[in-house]
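Peer 1: To start, I am sharing the structure in question, which I have written as structure tokens.
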Amino acid sequence: MKKVDIIVVGGGITGATTALGLVREGAGKVLMFDEQLPTQRLSRGNFGLTWFMCKGANNPIYARWSRMATMMWPEFAAKLKEESGYDVELEWNGGALHTIGDQQFQAYADSVDHLKKVCADDGLDYPVKMVDRAEFASMIPEMKLGDEVTGAMYSKEQGHVNPLTLLSALRGAFLNKGGKYFGGLLVSAIEPNGDGSVSVKTSKGKYTCNKLVIAAGHGSSRLLGNLATRLNIYPLRGQLIVSERAKRVLNFPILAVRQTMDGTFMIGLSTEDKAHDHKVTVEAMKNQAGNAIQLFPELARINWVRGWGAIRTMTPDGGPIYERLSEHNNIYILAGHSAVTLAPVKTKHIASWILEKEEAPQISHFSNGRFNV
Amino acid sequence: MSDHYDTIVIGAGPAGLTAGAALAEMGLKVLTLDEQNRLGGQIYRNVENASEDNLNKMGEEYRRGLKLAKRFRRSGAAYSGNSMVWNVESEGRVCYSRNGVSTRITANYVIIATGAMERPVPFPGWTLPGVMGAGAVNGLAKDANLCPSGKVVLAGSGPLLLLEAALLIEKGVQITAILETTPKLPPLSIISYIPKAIPGAGFIWKGVKMLLDIRKSKVPHYKGVTNIKAIGENGVTGVEAVCGNKDLKFSTEMLLVHFGVIPDSHIYRLLGCRMEWEKTQRYWYPKTDQWGRTNFERIFGAGDSTGVSGALASEFKGELAALEIAYCHGIIPKYERDSLAEPIRRKFQKDFCPRPLIDAVFAPDPKRFSFEDTTILCRCENISVGDVRNLVKEGVTDLNEVKAVTRCGMGPCQGRMCGPALGEIVAAELDLPISRGGLLTIRPPLKPIPLGEVAAIDIESGGVDPANLFKNQSKQAGH
Amino acid sequence: MFKHDSPASTSVEIILDGQPLSVPAEVNVAAALLAIGKLISRISPTSNKPCSPHCLMGVCFECLMEIDGVRRQACMTPVRQGMIINRNLETGERGQS
């Protein structure tokens, strides 16, 4: 029988950031179990934005949480490189959301004002502004804007990262700091023992731990079983277009189009309620290609090379779920989307909270039960 | 052309042409989509325009393509060349691109007849200019009447390698050496295949004659060769190899390689067809029933893409698929379908009987392939074998995770050139059988198409809200 | 590299890397370029090394080049009179020197 301090079930970005945070805080023996089920690897379908803009319009706590996380990113990336040797290619040149037509420009301007107020009421700044067409065009001198583009919502203080390398970096850093990673391992059952420890039955034998963290995306519901009430996540499909490599002309991400450091354009992001069907549809591709060309007409000649479909774990209000089970308080459940942006706060605050060292005030606002009002 | 067909056939090689012709002859509305601009697939490349000279040189097998082409034309099946299929859905919808325009069409049934491809085997220097497939040069001869002007080295295994050697010798091309990885003596196990192969003796005799022709030419012919390396900086200048205890070295500006053929399985995988692993020939193929139907009711496979058995067998598979589809349309009753199928199955058995013996003689042996860490595995993204091995050592077991992290398989060819070897390498690292390893996920588009073309495709794009990611965040918390 | 088995029937004029050239007609672009001795098809954007067509049947993508403004597989594109073909051998696919 194998006894350890903490087991993290789930090797996506949420699981890996938490596991890394735990070993950074000196949590003892930490294991990460990762089934690597291809259909459930939503961390692979990520756009890679480290982004706070537009988040938490009616949820100031989430707005603050996203903002905190975004601001921690540059330092987080540097430390990850030190710990793992992987460069996650963080680019911190700001981010924009373009507008089509005057009405949309006005609507976005209104939403910026609204969020400024929401944040100000909470003692937080919201460094976002609207830029008109001329200014927006000057930010992207090497690509022509489509005729209907009227401007954009923009913030200097955000960026994007390579989400696939991020996963490797997190795993690498975790391993280098003494964590143990098990890939291709199926967890079949979780059994809290009377003495405060938890038994985890896996395809490679039984493990026992003092604390258990479940961060398995869509697999979490199955693992929770009847240990707690239903996990409030629902599937929301996102599809992405990935292009061939081209000359680098776009240095900051726009929500619908970003260009990576090696020249590939990534175009997205749809939201569709298709349950767990992660196929790529021609309809979505047509729509997204059309939107991208509306923004940058020159993209019409670039080749679409591959598509991705992934199923987000979305929550009813968009914020994450951090819950310590009331009946088994050494079991934690983490869920939600935007794991890339939130990565730094997971390694710092979530790990601290799990180790009962310190609890950031926001965490209690992200309980699983908050939706049952 | 209107949009809906009884059957869409993808591919115009022996299987596609036969299936298309057979269906059209029974009165069904068929459209054949061919990526090439002339029908014939690979084996009958450009057969309708072949000169009498070419027809003679390429032999009886090539001439048969002309017969097939004539039947196809007479049947009235519609043919669309230069039509690149980039998406297929199991409900019978096909998207293809032609002359810069993409269209989506529908059919009651789809027959995938995409044939086979040369097995891509990485070795040091295989990405150098001047290293080409033996099939590539065969195609150049058929398409453009071109043949190598300088000296050539041939390397690899399989009957097609020797066939190409014999053909080049007949054309007077200077072959510096033939480096066969096949061992000098076939494994003893092949003895069990000999009795069954006897009815196909004619086919085997042709092969023996071919070997005699090669022997007569006095071209240096090595067997049991290992450690093939292409040498050069910006182009191949030489080839090195090991034969027994001899180190071989040749200077050349053209290295033709061929390591057998494997099914072109991308469309099946895109659809999500159940795939199975062929143990002796080492390739994945779609699971099909006796008519070629996959696990999707409307999707059929025919020809070498369902399992490599040659041109004649491909015709038979095409006929069988057509019979079943005709029956499903109510054109012929069941007993007619079965009685027409019976002689086809007998011919198939007869044609097939020497194959297990040939396959056993030329079976790829993973123990004879050694991939060095520095060898480039993914040509498109320049990822080495070592990069992949390191990741597996870190605990990654899933091929698609390896792809996501290393980018192996993410380039334009979408894993066509690196997929087979990637599977072998990861399985070897994990000491697991390949059948457990799975396959790289295939998504549309099957081949790259310009964004402008996708945006302009004539379909309803409704039902998708653009980037409404933040929509639900305007709901009150606890709503 | 390659020679004709029998004399080429007809030819067409194309513009390759800015230079007008005569190539055999009725063949695919990759074959046409190989026929006039142009072995290199592109510079790989990942290895920065020269590439040549490898499979000539649409599988390997080594023959990707800009044909009339769009990057295509030369072996799958029939050559036509007046085609403008850019291999970008100086700067590579990404237009960076």
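FYI, nothing fancy with the structure tokens labels: chains A, B, ... in order, residues from 1 per chain, ligands from 1 as they appear.
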Within 8 Å of range 52-58 of chain C, counting only C-alpha atoms, which residues show up once you throw out same-chain ones fewer than 6 positions away? Write them as a list in words, please.

Peer 2: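 Result of the neighbour search: Gln42, Glu118, Leu128, Pro129, Gly130, Val131, Met132, Gly133, Gly135, Ala136 and Gly139 of chain B; Ala30, Leu39, Ile40, Ser41, Arg42, Gln73, Cys75 and Met76 of chain C.
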
Peer 1: What lies within 9 Å of Ser338 in chain A using only C-alpha atoms, ignoring chain neighbours under 5 positions off, as a PyMOL selection string?

Peer 2: chain A and resi 46+48-51+312+319-320+343

Peer 1: Pull C-alpha atoms from the residues just selected and write them as a PDB file, in the first residue's frame.

Peer 2:
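The file below, part.pdb, is the result:
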ATOM      1  CA  ASN A  46      -7.097  26.310 -24.772  1.00  0.00           C
ATOM      2  CA  GLY A  48      -3.786  30.638 -24.178  1.00  0.00           C
ATOM      3  CA  LEU A  49      -4.987  34.081 -23.088  1.00  0.00           C
ATOM      4  CA  THR A  50      -3.836  35.514 -19.786  1.00  0.00           C
ATOM      5  CA  TRP A  51      -6.720  37.898 -19.591  1.00  0.00           C
ATOM      6  CA  ARG A 312     -15.020  23.732 -21.403  1.00  0.00           C
ATOM      7  CA  GLY A 319     -16.384  31.944 -11.933  1.00  0.00           C
ATOM      8  CA  PRO A 320     -14.356  28.959 -10.742  1.00  0.00           C
ATOM      9  CA  ALA A 343      -2.746  29.580 -12.988  1.00  0.00           C
TER      10      ALA A 343
END

Peer 1: Give me, please, the distance in Å between CA of Cys95 in chain B and CA of Cys413 in chain B, quoted to one decimal.

Peer 2: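 Separation of CA of Cys95 in chain B and CA of Cys413 in chain B: 18.6 Å.
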
Peer 1: Got a sec: who's within 9 Å of Ala96 in chain A, counting only C-alpha atoms, leaving out chain neighbours fewer than 5 positions off, as a list of chain:residue names?

Peer 2: A:Met53, A:Ala152, A:Met153, A:Tyr154, A:Ser155, A:Lys156, A:Phe252, A:Pro253, A:Ile254, A:Leu255

Peer 1: Could you turn the residues from that selection into a file that holds N, CA and C atoms, as a PDB file, in the first residue's frame?

Peer 2:
ATOM      1  N   MET A  53      -9.796  41.187 -18.891  1.00  0.00           N
ATOM      2  CA  MET A  53     -10.762  42.099 -19.508  1.00  0.00           C
ATOM      3  C   MET A  53     -12.123  41.438 -19.684  1.00  0.00           C
ATOM      4  N   ALA A 152     -11.662  49.162 -30.917  1.00  0.00           N
ATOM      5  CA  ALA A 152     -11.511  48.004 -30.033  1.00  0.00           C
ATOM      6  C   ALA A 152     -11.504  48.425 -28.583  1.00  0.00           C
ATOM      7  N   MET A 153     -11.757  47.429 -27.751  1.00  0.00           N
ATOM      8  CA  MET A 153     -11.573  47.574 -26.308  1.00  0.00           C
ATOM      9  C   MET A 153     -10.159  47.062 -26.055  1.00  0.00           C
ATOM     10  N   TYR A 154      -9.375  47.758 -25.242  1.00  0.00           N
ATOM     11  CA  TYR A 154      -7.974  47.359 -25.122  1.00  0.00           C
ATOM     12  C   TYR A 154      -7.449  47.541 -23.710  1.00  0.00           C
ATOM     13  N   SER A 155      -6.613  46.591 -23.308  1.00  0.00           N
ATOM     14  CA  SER A 155      -5.871  46.794 -22.072  1.00  0.00           C
ATOM     15  C   SER A 155      -4.420  46.432 -22.303  1.00  0.00           C
ATOM     16  N   LYS A 156      -3.547  47.252 -21.743  1.00  0.00           N
ATOM     17  CA  LYS A 156      -2.115  47.010 -21.904  1.00  0.00           C
ATOM     18  C   LYS A 156      -1.643  45.871 -21.010  1.00  0.00           C
ATOM     19  N   PHE A 252      -0.035  41.209 -30.373  1.00  0.00           N
ATOM     20  CA  PHE A 252      -0.820  41.058 -29.159  1.00  0.00           C
ATOM     21  C   PHE A 252      -2.109  40.345 -29.547  1.00  0.00           C
ATOM     22  N   PRO A 253      -2.720  39.623 -28.622  1.00  0.00           N
ATOM     23  CA  PRO A 253      -3.920  38.864 -28.968  1.00  0.00           C
ATOM     24  C   PRO A 253      -5.159  39.737 -29.050  1.00  0.00           C
ATOM     25  N   ILE A 254      -5.953  39.453 -30.052  1.00  0.00           N
ATOM     26  CA  ILE A 254      -7.295  40.007 -30.107  1.00  0.00           C
ATOM     27  C   ILE A 254      -8.179  38.825 -29.751  1.00  0.00           C
ATOM     28  N   LEU A 255      -9.280  39.026 -29.089  1.00  0.00           N
ATOM     29  CA  LEU A 255     -10.023  37.886 -28.573  1.00  0.00           C
ATOM     30  C   LEU A 255     -10.309  36.830 -29.635  1.00  0.00           C
TER      31      LEU A 255
END

Peer 1: Between CA of Met143 in chain A and CA of Glu298 in chain A, what is the distance in Å, rounded to a tenth?

Peer 2: 7.3 Å

Peer 1: For the strand (DSSP E) assignment from backbone DSSP, which residues of range 32-228 of chain A qualify? Please present them as an MDAnalysis selection string.

Peer 2: chainID A and resid 32:34 49:50 95:100 129:132 149:155 159:160 180:183 187:192 198:202 205:214

Peer 1: Please produce a file of those selected residues containing C-alpha atoms, as a PDB file, in the first residue's frame.

Peer 2:
ATOM      1  CA  MET A  32      -0.400  13.776  -9.488  1.00  0.00           C
ATOM      2  CA  PHE A  33      -2.618  11.206 -11.207  1.00  0.00           C
ATOM      3  CA  ASP A  34      -3.422  11.908 -14.823  1.00  0.00           C
ATOM      4  CA  LEU A  49      -4.987  34.081 -23.088  1.00  0.00           C
ATOM      5  CA  THR A  50      -3.836  35.514 -19.786  1.00  0.00           C
ATOM      6  CA  GLY A  95      -4.964  42.400 -25.535  1.00  0.00           C
ATOM      7  CA  ALA A  96      -7.941  43.718 -27.456  1.00  0.00           C
ATOM      8  CA  LEU A  97     -11.524  42.953 -28.366  1.00  0.00           C
ATOM      9  CA  HIS A  98     -12.434  44.565 -31.673  1.00  0.00           C
ATOM     10  CA  THR A  99     -15.754  46.162 -32.548  1.00  0.00           C
ATOM     11  CA  ILE A 100     -17.781  45.978 -35.735  1.00  0.00           C
ATOM     12  CA  LYS A 129      -9.961  51.784 -22.604  1.00  0.00           C
ATOM     13  CA  MET A 130     -11.647  52.057 -25.940  1.00  0.00           C
ATOM     14  CA  VAL A 131      -9.482  52.849 -28.936  1.00  0.00           C
ATOM     15  CA  ASP A 132     -10.947  54.192 -32.154  1.00  0.00           C
ATOM     16  CA  VAL A 149     -13.958  47.582 -37.899  1.00  0.00           C
ATOM     17  CA  THR A 150     -14.698  50.648 -35.786  1.00  0.00           C
ATOM     18  CA  GLY A 151     -12.132  50.173 -33.058  1.00  0.00           C
ATOM     19  CA  ALA A 152     -11.511  48.004 -30.033  1.00  0.00           C
ATOM     20  CA  MET A 153     -11.573  47.574 -26.308  1.00  0.00           C
ATOM     21  CA  TYR A 154      -7.974  47.359 -25.122  1.00  0.00           C
ATOM     22  CA  SER A 155      -5.871  46.794 -22.072  1.00  0.00           C
ATOM     23  CA  GLY A 159      -1.162  38.961 -22.824  1.00  0.00           C
ATOM     24  CA  HIS A 160      -1.000  35.411 -24.021  1.00  0.00           C
ATOM     25  CA  LYS A 180       5.579  12.261  -8.605  1.00  0.00           C
ATOM     26  CA  TYR A 181       3.514  12.180 -11.785  1.00  0.00           C
ATOM     27  CA  PHE A 182       1.592   9.159 -13.020  1.00  0.00           C
ATOM     28  CA  GLY A 183       0.262   9.399 -16.564  1.00  0.00           C
ATOM     29  CA  VAL A 187      -8.766   6.444 -10.669  1.00  0.00           C
ATOM     30  CA  SER A 188     -11.756   4.184 -10.114  1.00  0.00           C
ATOM     31  CA  ALA A 189     -12.916   5.014  -6.597  1.00  0.00           C
ATOM     32  CA  ILE A 190     -12.399   7.389  -3.706  1.00  0.00           C
ATOM     33  CA  GLU A 191     -13.058   6.189  -0.166  1.00  0.00           C
ATOM     34  CA  PRO A 192     -12.674   8.416   2.870  1.00  0.00           C
ATOM     35  CA  VAL A 198      -8.533   9.011   2.048  1.00  0.00           C
ATOM     36  CA  SER A 199      -8.064   5.847  -0.003  1.00  0.00           C
ATOM     37  CA  VAL A 200      -7.777   6.154  -3.747  1.00  0.00           C
ATOM     38  CA  LYS A 201      -8.308   3.032  -5.845  1.00  0.00           C
ATOM     39  CA  THR A 202      -6.482   3.167  -9.149  1.00  0.00           C
ATOM     40  CA  GLY A 205      -3.240  -0.283  -6.967  1.00  0.00           C
ATOM     41  CA  LYS A 206      -4.527   1.492  -3.875  1.00  0.00           C
ATOM     42  CA  TYR A 207      -3.046   4.698  -2.487  1.00  0.00           C
ATOM     43  CA  THR A 208      -3.744   6.495   0.769  1.00  0.00           C
ATOM     44  CA  CYS A 209      -3.341  10.204   1.390  1.00  0.00           C
ATOM     45  CA  ASN A 210      -4.062  12.772   4.066  1.00  0.00           C
ATOM     46  CA  LYS A 211      -5.566  15.239   1.656  1.00  0.00           C
ATOM     47  CA  LEU A 212      -7.116  14.673  -1.767  1.00  0.00           C
ATOM     48  CA  VAL A 213      -7.582  17.276  -4.474  1.00  0.00           C
ATOM     49  CA  ILE A 214      -9.939  16.502  -7.353  1.00  0.00           C
TER      50      ILE A 214
END
